[in-house]
Amino acid sequence: MNTLDAIKARHSYRGKYLPTAIPREDLVAIMEAGLAAPSGCNTQTTSLIAVDDYEVLKKLHSVMDPPVGETAPAAICVLTQRINAYRDKCYAVQDYSAAIENMLIAIVELGYQSCWYEGHICDEDNIAGKMAKVLGVPEGYELVCYLPVGIPAAEVKGPGKKPFDERAWFNCFGGR
């Protein structure tokens, strides 16, 4: 699969996963794709933790309410550091978002599926903080996303997208 096909095939997968283990070399390739993403002023604020140990995954799911991606044989937790860069602006959100998108594309290219779980773990109940404790994340880092990784057990269907010409133009808004 080429990159453009992987981009078009990527959808948020919230179904069950097959119990097939994810080879470490695939997890490394996925994380390398994430770490290759651009970052504001090259501050490289994004860090990653891959989890492929069943007992650790079980502990992570025990602090999620409700749990997500429970059947995935692996996951990647995305961490950020809030570091100011150019003109005292922090680009951490843009940095980790670019890293996550790169990883989602790599995940599909390697034959797996995932879903970007951020809002579910980063709201007022602080699931992300509880997950960070399970993983021994030190102060100064914030866990911001959970990506289950696995082979989908069901067909992957994405929502329909609006037509290109309703969302993209040339030379001016609405231009052809």
# chains A, B, ... in the order shown; residues from 1 in each chain; ligands from 1
>>> select_by_dssp(residues="range 41-71 of chain A", states="helix (DSSP H, G or I)", output="NGL selection string")
:A and (41-42 or 54-63)
>>> write_last_selection(atoms="C-alpha atoms", output="compact mmCIF listing (two decimals), in the first residue's frame")
# COMPACT_ATOMS: atom_id res chain seq x y z
CA CYS A 41 10.99 24.95 16.16
CA ASN A 42 12.19 21.34 16.36
CA TYR A 54 -0.93 -8.10 28.48
CA GLU A 55 -0.68 -7.33 32.21
CA VAL A 56 0.22 -3.67 31.59
CA LEU A 57 -2.59 -3.36 29.04
CA LYS A 58 -4.96 -4.82 31.64
CA LYS A 59 -3.83 -2.22 34.20
CA LEU A 60 -4.37 0.59 31.68
CA HIS A 61 -7.87 -0.67 30.90
CA SER A 62 -8.66 -0.89 34.61
CA VAL A 63 -8.32 2.90 34.96
>>> residues_around(residues="Ala36 in chain A", least_positions_apart="4", cutoff="9 Å", atoms="only C-alpha atoms", output="ChimeraX atom specification")
/A:31-32,99,102
>>> closest_residue(among="A:Pro38, A:Gly175, A:Pro163, A:Pro23", to="Ile100 in chain A", atoms="only C-alpha atoms")
A:Pro38
>>> select_by_dssp(residues="chain A", states="strand (DSSP E)", output="list in words")
Thr46, Ser47, Leu48, Ile49, Ala50, Val51, Ala74, Ala75, Ile76, Cys77, Val78, Leu79, Thr80, Glu142, Leu143, Val144, Cys145, Tyr146, Leu147, Pro148 and Val149 of chain A
